[in-house]
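Visitor: Next comes the structure file work_19.pdb, holding PDB, C-alpha atoms.
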```
ATOM      1  CA  ASN Z 763      23.148 -48.822 -32.977
ATOM      2  CA  PHE Z 764      20.886 -46.187 -34.515
ATOM      3  CA  CYS Z 765      17.614 -45.793 -32.661
ATOM      4  CA  PRO Z 766      14.926 -43.544 -34.203
ATOM      5  CA  TYR Z 767      13.159 -43.310 -30.838
ATOM      6  CA  HIS Z 768      16.244 -41.686 -29.289
ATOM      7  CA  LEU Z 769      16.369 -39.209 -32.185
ATOM      8  CA  MET Z 770      12.688 -38.362 -31.719
ATOM      9  CA  ALA Z 771      13.173 -37.958 -27.965
ATOM     10  CA  ASP Z 772      16.163 -35.647 -28.486
ATOM     11  CA  LYS Z 773      14.201 -33.545 -31.008
ATOM     12  CA  SER Z 774      11.183 -33.307 -28.712
ATOM     13  CA  TYR Z 775      13.435 -32.247 -25.826
ATOM     14  CA  PHE Z 776      15.060 -29.558 -27.997
ATOM     15  CA  ILE Z 777      11.684 -28.178 -29.103
ATOM     16  CA  LEU Z 778      10.351 -28.165 -25.525
ATOM     17  CA  LYS Z 779      13.500 -26.462 -24.257
ATOM     18  CA  GLN Z 780      13.209 -23.820 -26.974
ATOM     19  CA  ILE Z 781       9.558 -22.909 -26.322
ATOM     20  CA  MET Z 782      10.092 -22.906 -22.533
ATOM     21  CA  GLU Z 783      13.187 -20.713 -22.751
ATOM     22  CA  LYS Z 784      12.885 -17.624 -20.557
ATOM     23  CA  ILE Z 785      12.899 -14.285 -22.379
ATOM     24  CA  ALA Z 786      13.582 -11.023 -20.547
ATOM     25  CA  LEU Z 787      11.036  -8.201 -20.867
ATOM     26  CA  ASP Z 788      11.026  -4.467 -20.192
ATOM     27  CA  ILE Z 789       8.108  -2.102 -19.642
ATOM     28  CA  VAL Z 790       7.858  -0.027 -22.833
ATOM     29  CA  GLY Z 791       4.397   1.495 -22.551
ATOM     30  CA  LEU Z 792       1.409   2.167 -20.323
ATOM     31  CA  SER Z 793      -1.636   3.888 -21.787
ATOM     32  CA  TYR Z 794      -5.395   4.213 -21.409
ATOM     33  CA  SER Z 795      -7.291   1.394 -23.100
ATOM     34  CA  GLN Z 796      -9.207   2.389 -26.225
ATOM     35  CA  THR Z 797     -11.559  -0.597 -26.011
ATOM     36  CA  GLN Z 798     -12.221  -1.211 -22.311
ATOM     37  CA  SER Z 799     -13.518   1.616 -20.164
ATOM     38  CA  GLY Z 800     -11.482   2.146 -17.009
ATOM     39  CA  ALA Z 801      -8.723  -0.239 -18.111
ATOM     40  CA  TYR Z 802      -5.146   0.347 -19.260
ATOM     41  CA  ALA Z 803      -2.818  -1.316 -21.749
ATOM     42  CA  LEU Z 804       0.526  -2.366 -20.294
ATOM     43  CA  VAL Z 805       3.072  -3.099 -23.031
ATOM     44  CA  LEU Z 806       6.081  -5.265 -22.258
ATOM     45  CA  GLY Z 807       8.914  -5.427 -24.787
ATOM     46  CA  GLU Z 808      11.410  -8.172 -25.535
ATOM     47  CA  GLN Z 809      14.864  -6.986 -24.400
ATOM     48  CA  ASP Z 810      16.819  -8.587 -27.230
ATOM     49  CA  GLY Z 811      14.145  -8.521 -29.909
ATOM     50  CA  ASN Z 812      11.358  -6.540 -31.538
ATOM     51  CA  ARG Z 813       8.285  -8.234 -30.076
ATOM     52  CA  ARG Z 814       5.795  -6.535 -27.758
ATOM     53  CA  LEU Z 815       3.361  -8.133 -25.325
ATOM     54  CA  PRO Z 816       0.206  -6.031 -24.676
ATOM     55  CA  ILE Z 817      -1.633  -6.817 -21.435
ATOM     56  CA  ILE Z 818      -4.888  -5.197 -20.281
ATOM     57  CA  ILE Z 819      -4.774  -4.245 -16.583
ATOM     58  CA  GLY Z 820      -6.941  -2.347 -14.099
ATOM     59  CA  ALA Z 821      -6.661   1.331 -13.225
ATOM     60  CA  PHE Z 822      -5.371   0.698  -9.675
ATOM     61  CA  GLU Z 823      -2.525  -1.542 -10.871
ATOM     62  CA  ALA Z 824      -1.698   0.894 -13.690
ATOM     63  CA  GLN Z 825      -1.455   3.707 -11.134
ATOM     64  CA  ALA Z 826       0.764   1.574  -8.886
ATOM     65  CA  ILE Z 827       3.135   0.851 -11.783
ATOM     66  CA  ALA Z 828       3.190   4.455 -13.050
ATOM     67  CA  ILE Z 829       3.871   5.944  -9.612
ATOM     68  CA  GLU Z 830       6.951   3.766  -9.126
ATOM     69  CA  LEU Z 831       8.238   4.313 -12.671
ATOM     70  CA  GLU Z 832       7.979   8.076 -12.172
ATOM     71  CA  ASP Z 833       9.704   7.874  -8.741
ATOM     72  CA  MET Z 834       6.686   9.438  -7.071
ATOM     73  CA  THR Z 835       5.979   8.983  -3.363
ATOM     74  CA  PRO Z 836       2.277   8.775  -2.385
ATOM     75  CA  SER Z 837       1.182  10.415   0.863
ATOM     76  CA  ARG Z 838       0.301   6.976   2.249
ATOM     77  CA  PRO Z 839       1.724   3.607   1.152
ATOM     78  CA  LEU Z 840      -0.146   1.783  -1.589
ATOM     79  CA  THR Z 841      -0.885  -1.939  -1.261
ATOM     80  CA  HIS Z 842       2.205  -2.900  -3.273
ATOM     81  CA  ASP Z 843       4.365  -0.588  -1.140
ATOM     82  CA  LEU Z 844       2.967  -2.273   1.961
ATOM     83  CA  PHE Z 845       3.835  -5.690   0.519
ATOM     84  CA  LYS Z 846       7.431  -4.564  -0.101
ATOM     85  CA  SER Z 847       7.783  -3.173   3.425
ATOM     86  CA  PHE Z 848       6.398  -6.414   4.849
ATOM     87  CA  ALA Z 849       8.766  -8.492   2.717
ATOM     88  CA  ASN Z 850      11.776  -6.374   3.667
ATOM     89  CA  SER Z 851      10.928  -6.706   7.361
ATOM     90  CA  PHE Z 852      11.178 -10.503   7.079
ATOM     91  CA  LYS Z 853      14.146 -10.425   4.675
ATOM     92  CA  ILE Z 854      12.116 -11.728   1.729
ATOM     93  CA  ASN Z 855      13.226 -10.689  -1.727
ATOM     94  CA  ILE Z 856      11.525 -11.133  -5.096
ATOM     95  CA  GLU Z 857      14.255 -12.381  -7.422
ATOM     96  CA  GLU Z 858      12.187 -12.437 -10.593
ATOM     97  CA  VAL Z 859       8.707 -12.344 -12.093
ATOM     98  CA  LEU Z 860       7.731 -15.012 -14.609
ATOM     99  CA  ILE Z 861       4.713 -14.772 -16.913
ATOM    100  CA  TYR Z 862       4.411 -18.502 -17.377
ATOM    101  CA  ASN Z 863       1.092 -19.177 -19.087
ATOM    102  CA  LEU Z 864      -1.682 -17.762 -21.260
ATOM    103  CA  MET Z 865      -5.123 -19.339 -20.988
ATOM    104  CA  GLU Z 866      -8.274 -17.995 -22.657
ATOM    105  CA  GLY Z 867      -6.657 -14.596 -23.112
ATOM    106  CA  ILE Z 868      -5.563 -14.315 -19.469
ATOM    107  CA  PHE Z 869      -1.862 -14.096 -18.582
ATOM    108  CA  HIS Z 870      -0.696 -16.059 -15.539
ATOM    109  CA  ALA Z 871       2.362 -14.995 -13.561
ATOM    110  CA  LYS Z 872       4.301 -15.986 -10.472
ATOM    111  CA  LEU Z 873       6.767 -14.382  -8.108
ATOM    112  CA  ILE Z 874      10.063 -16.179  -7.486
ATOM    113  CA  CYS Z 875      10.810 -15.258  -3.859
ATOM    114  CA  ARG Z 876      13.816 -15.972  -1.692
ATOM    115  CA  GLN Z 877      14.155 -15.920   2.083
ATOM    116  CA  GLY Z 878      17.587 -17.102   3.126
ATOM    117  CA  GLU Z 879      18.133 -20.506   1.521
ATOM    118  CA  SER Z 880      14.425 -21.006   0.756
ATOM    119  CA  LEU Z 881      13.079 -20.341  -2.734
ATOM    120  CA  VAL Z 882       9.299 -20.092  -3.094
ATOM    121  CA  GLU Z 883       7.033 -19.550  -6.107
ATOM    122  CA  ILE Z 884       3.834 -17.564  -5.516
ATOM    123  CA  ASP Z 885       1.049 -17.399  -8.110
ATOM    124  CA  THR Z 886      -0.231 -13.884  -8.812
ATOM    125  CA  ARG Z 887      -2.021 -11.672 -11.297
ATOM    126  CA  THR Z 888       0.350 -10.336 -13.945
ATOM    127  CA  SER Z 889      -0.540  -6.722 -13.165
ATOM    128  CA  ASP Z 890       0.346  -7.179  -9.481
ATOM    129  CA  ALA Z 891       3.516  -9.037 -10.430
ATOM    130  CA  VAL Z 892       4.714  -6.135 -12.599
ATOM    131  CA  ALA Z 893       3.789  -3.569  -9.918
ATOM    132  CA  LEU Z 894       5.974  -5.521  -7.480
ATOM    133  CA  ALA Z 895       8.767  -6.071 -10.014
ATOM    134  CA  VAL Z 896       9.293  -2.313 -10.436
ATOM    135  CA  ARG Z 897       9.506  -1.945  -6.641
ATOM    136  CA  PHE Z 898      11.909  -4.826  -6.067
ATOM    137  CA  LYS Z 899      13.919  -3.897  -9.186
ATOM    138  CA  CYS Z 900      13.741  -7.504 -10.327
ATOM    139  CA  PRO Z 901      13.675  -8.824 -13.908
ATOM    140  CA  ILE Z 902      10.485  -9.853 -15.733
ATOM    141  CA  PHE Z 903      10.524 -12.971 -17.898
ATOM    142  CA  THR Z 904       8.139 -14.918 -20.102
ATOM    143  CA  HIS Z 905       8.367 -18.012 -22.294
ATOM    144  CA  GLU Z 906       8.862 -18.191 -26.048
ATOM    145  CA  PHE Z 907       5.504 -19.877 -26.631
ATOM    146  CA  ILE Z 908       3.677 -16.959 -24.995
ATOM    147  CA  LEU Z 909       5.448 -14.354 -27.122
ATOM    148  CA  LYS Z 910       4.812 -16.479 -30.190
ATOM    149  CA  GLU Z 911       1.101 -16.702 -29.416
ATOM    150  CA  ALA Z 912       0.376 -13.222 -28.056
ATOM    151  CA  GLY Z 913       3.345 -11.085 -29.088
ATOM    152  CA  ILE Z 914       3.257  -8.278 -31.636
ATOM    153  CA  ILE Z 915       6.260  -7.768 -33.928
ATOM    154  CA  VAL Z 916       7.290  -4.134 -34.456
ATOM    155  CA  GLU Z 917       9.781  -2.765 -36.943
ATOM    156  CA  GLU Z 918      13.139  -1.492 -35.700
ATOM    157  CA  GLY Z 919      12.942   2.151 -34.672
ATOM    158  CA  ALA Z 920       9.187   2.023 -34.052
ATOM    159  CA  ASP Z 921       9.761   2.888 -30.381
ATOM    160  CA  SER Z 922      12.280   5.634 -31.113
ATOM    161  CA  ASP Z 923      11.939   8.763 -28.983
ATOM    162  CA  SER Z 924      12.525  10.864 -32.078
ATOM    163  CA  LYS Z 925       9.379   9.587 -33.730
ATOM    164  CA  PRO Z 926       6.581  12.180 -33.614
ATOM    165  CA  ALA Z 927       3.508  11.217 -31.668
ATOM    166  CA  ALA Z 928       0.724   9.876 -33.812
ATOM    167  CA  LYS Z 929      -2.960   9.774 -33.172
ATOM    168  CA  THR Z 930      -4.163   6.419 -31.937
ATOM    169  CA  PRO Z 931      -6.824   5.031 -34.251
ATOM    170  CA  LYS Z 932     -10.066   4.087 -32.608
ATOM    171  CA  SER Z 933     -11.232   0.500 -32.738
ATOM    172  CA  ASP Z 934     -13.582  -0.438 -35.567
ATOM    173  CA  LYS Z 935     -17.091  -0.170 -34.158
ATOM    174  CA  LYS Z 936     -18.353  -2.761 -36.619
ATOM    175  CA  GLY Z 937     -15.897  -5.287 -35.230
ATOM    176  CA  VAL Z 938     -13.005  -7.080 -36.861
ATOM    177  CA  ALA Z 939     -15.200 -10.034 -37.848
ATOM    178  CA  SER Z 940     -16.709  -7.991 -40.704
ATOM    179  CA  LEU Z 941     -13.302  -7.159 -42.226
ATOM    180  CA  SER Z 942     -11.589  -9.110 -44.975
ATOM    181  CA  LEU Z 943      -8.147 -10.629 -44.372
ATOM    182  CA  THR Z 944      -6.572  -7.927 -46.555
ATOM    183  CA  GLU Z 945      -8.288  -5.200 -44.519
ATOM    184  CA  LEU Z 946      -7.193  -6.833 -41.286
ATOM    185  CA  ASN Z 947      -3.547  -6.891 -42.379
ATOM    186  CA  LYS Z 948      -3.699  -3.243 -43.491
ATOM    187  CA  LYS Z 949      -5.220  -2.201 -40.153
ATOM    188  CA  LEU Z 950      -2.566  -4.261 -38.334
ATOM    189  CA  GLU Z 951       0.183  -2.328 -40.138
ATOM    190  CA  ILE Z 952      -1.432   0.985 -39.164
ATOM    191  CA  ALA Z 953      -1.816  -0.101 -35.529
ATOM    192  CA  LEU Z 954       1.855  -1.103 -35.371
ATOM    193  CA  ASP Z 955       3.011   2.131 -37.040
ATOM    194  CA  THR Z 956       1.075   4.194 -34.479
ATOM    195  CA  GLU Z 957       2.204   1.940 -31.589
ATOM    196  CA  ASN Z 958      -1.383   1.026 -30.748
ATOM    197  CA  TYR Z 959      -0.404  -2.409 -29.478
ATOM    198  CA  GLU Z 960      -3.759  -3.162 -27.902
ATOM    199  CA  GLU Z 961      -5.532  -2.767 -31.247
ATOM    200  CA  ALA Z 962      -2.736  -4.681 -32.982
ATOM    201  CA  SER Z 963      -3.202  -7.535 -30.545
ATOM    202  CA  ARG Z 964      -6.941  -7.666 -31.281
ATOM    203  CA  LEU Z 965      -6.343  -7.693 -35.036
ATOM    204  CA  ARG Z 966      -3.602 -10.312 -34.761
ATOM    205  CA  ASP Z 967      -5.910 -12.607 -32.789
ATOM    206  CA  GLU Z 968      -8.558 -12.370 -35.529
ATOM    207  CA  ILE Z 969      -5.989 -13.081 -38.270
ATOM    208  CA  ASN Z 970      -4.650 -16.083 -36.344
ATOM    209  CA  LYS Z 971      -8.179 -17.366 -35.719
ATOM    210  CA  ARG Z 972      -8.988 -17.290 -39.419
ATOM    211  CA  GLY Z 973      -5.705 -19.024 -40.210
ATOM    212  CA  GLU Z 974      -6.542 -21.847 -37.797
ATOM    213  CA  SER Z 975     -10.031 -22.282 -39.287
ATOM    214  CA  ASN Z 976      -8.533 -22.648 -42.763
ATOM    215  CA  ASN Z 977      -6.165 -25.425 -41.663
TER     216      ASN Z 977
END
```
With the file now loaded, output its structure as structure tokens.

Guide:
Amino acid sequence: NFCPYHLMADKSYFILKQIMEKIALDIVGLSYSQTQSGAYALVLGEQDGNRRLPIIIGAFEAQAIAIELEDMTPSRPLTHDLFKSFANSFKINIEEVLIYNLMEGIFHAKLICRQGESLVEIDTRTSDAVALAVRFKCPIFTHEFILKEAGIIVEEGADSDSKPAAKTPKSDKKGVASLSLTELNKKLEIALDTENYEEASRLRDEINKRGESNN
């Protein structure tokens, strides 16, 4: 017999499964923040797509990530190096990093760790999680709903190495609130063309906020 409740349950399960699907990310950029003094913009890119996830991190974590990406060896171990040495001594391995939530503009992440047959999840700041991921050579994942809410879509070829470097536009001192929707969309296109993902994220948030208020 046909049961509409079963159909609704199956549809709800499909939607939940889709938004909670894990999506692999790569580090595609790390640059000085144009809007927050002393901070850096870490840009993670969707492996099989054209979305970017800009995350503001501190200078210490940015340095820890950059040093490992450049295969540099500091004179004394950094905190994240110490953590890896400690983990290796007790045969603990980080199998993956998962950015699992976004609340009030703050990304939440966890480490999926294994020691023998035991699998443990440890909550952590996203910046620390990425600094450890590059040391343990483990994959970084997030969920579809996070990329949908905070991701920036870039055109194919926007990250090409052959593209000449462009000047990064400074943030509007008057604030995005004073701009019209048409101006916001134009500035968003410019930010994406110049790979200024931090500015693009700020503009996208304002556009989304206005769209919600009109609903």

Visitor: For stretch 863-866 of chain Z, what centre and edge lengths in Å (one decimal) does the axis-aligned box get once 3 Å is added on each side of all its listed atoms, as AutoDock Vina command-line options?

Guide:
```
--center_x -3.6 --center_y -18.6 --center_z -20.9 --size_x 15.4 --size_y 7.6 --size_z 9.6
```

Visitor: Hey, which of Z:Pro839, Z:Gly800, Z:Gly820, Z:Gly807 ends up closest to Z:Ile785? Count only C-alpha atoms.

Guide: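 Using only C-alpha atoms, the shortest distance to Z:Ile785 belongs to Z:Gly807.
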
Visitor: If I take atom CA of Z:Gln877 and atom CA of Z:Ile861, how far is one from the other in Å, to one decimal?

Guide: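 Spanning atom CA of Z:Gln877 to atom CA of Z:Ile861 is a straight-line distance of 21.2 Å.
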
Visitor: Can you work out the spacing between atom CA of Z:Gly878 and atom CA of Z:Glu823 in Å, to one decimal?

Guide: 29.0 Å

Visitor: Once you count only C-alpha atoms, which residues end up no further than 12 Å from (-9.4, -10.4, -45.1) in the file's frame, shown as number ranges by chain?

Guide: Z: 938-950, 965-966, 968-973

Visitor: Using only C-alpha atoms, find the one residue out of Z:Phe898, Z:Tyr862, Z:Phe869, Z:Tyr802 that sits nearest to Z:Phe822.

Guide: Z:Tyr802

Visitor: What is the atom CA of Z:Tyr794-atom CA of Z:His870 distance in Å, reported with one decimal?

Guide: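 Between these atoms lies a distance of 21.6 Å.
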
Visitor: May I ask which of the residues Z:Asp788, Z:Asp843, Z:Asp885, Z:Glu866 is the closest one to Z:Glu830, counting all atoms listed in the file?

Guide: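 Of the candidates, the smallest distance to Z:Glu830 is held by Z:Asp843.
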
Visitor: Tell me which of Z:Leu864, Z:Val892, Z:Ala828, Z:Ala786 sits closest to Z:Glu911, counting only C-alpha atoms.

Guide: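 Of all the options, Z:Leu864 lies closest to Z:Glu911.
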
Visitor: Which residues are near Z:Ile884? Cut-off 12 Å, all atoms listed in the file, ignore same chain within fewer than 5 positions. Put them as JSON, numbers by chain.

Guide: {"Z": [856, 857, 858, 859, 860, 861, 862, 870, 871, 872, 873, 874, 875, 876, 890, 891]}

Visitor: Which of these residues is nearest to Z:Ala893, using only C-alpha atoms: Z:Lys853, Z:His905, Z:Lys910, Z:His842?

Guide: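 Smallest distance to Z:Ala893 is found for Z:His842.
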
Visitor: My list of candidates is Z:Leu881, Z:Leu806, Z:Ile902, Z:Ala801. Which is closest to Z:Ile789 when distances are computed with only C-alpha atoms?

Guide: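 For Z:Ile789, the nearest of the given residues is Z:Leu806.
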
Visitor: Which polymer residues, protein or nucleic acid, are no farther than 7 Å from (7.8, -7.2, -5.0), counting only C-alpha atoms, as a PyMOL selection string?

Guide: chain Z and resi 845-846+856+894-895+897-898

Visitor: Taking the file above as input, evaluate the PyMOL selection byres ((chain Z and resi 803) around 12) and report the hits as an MDAnalysis selection string.

Guide: chainID Z and resid 789:802 804:806 814:821 823:825 827 889 957:963
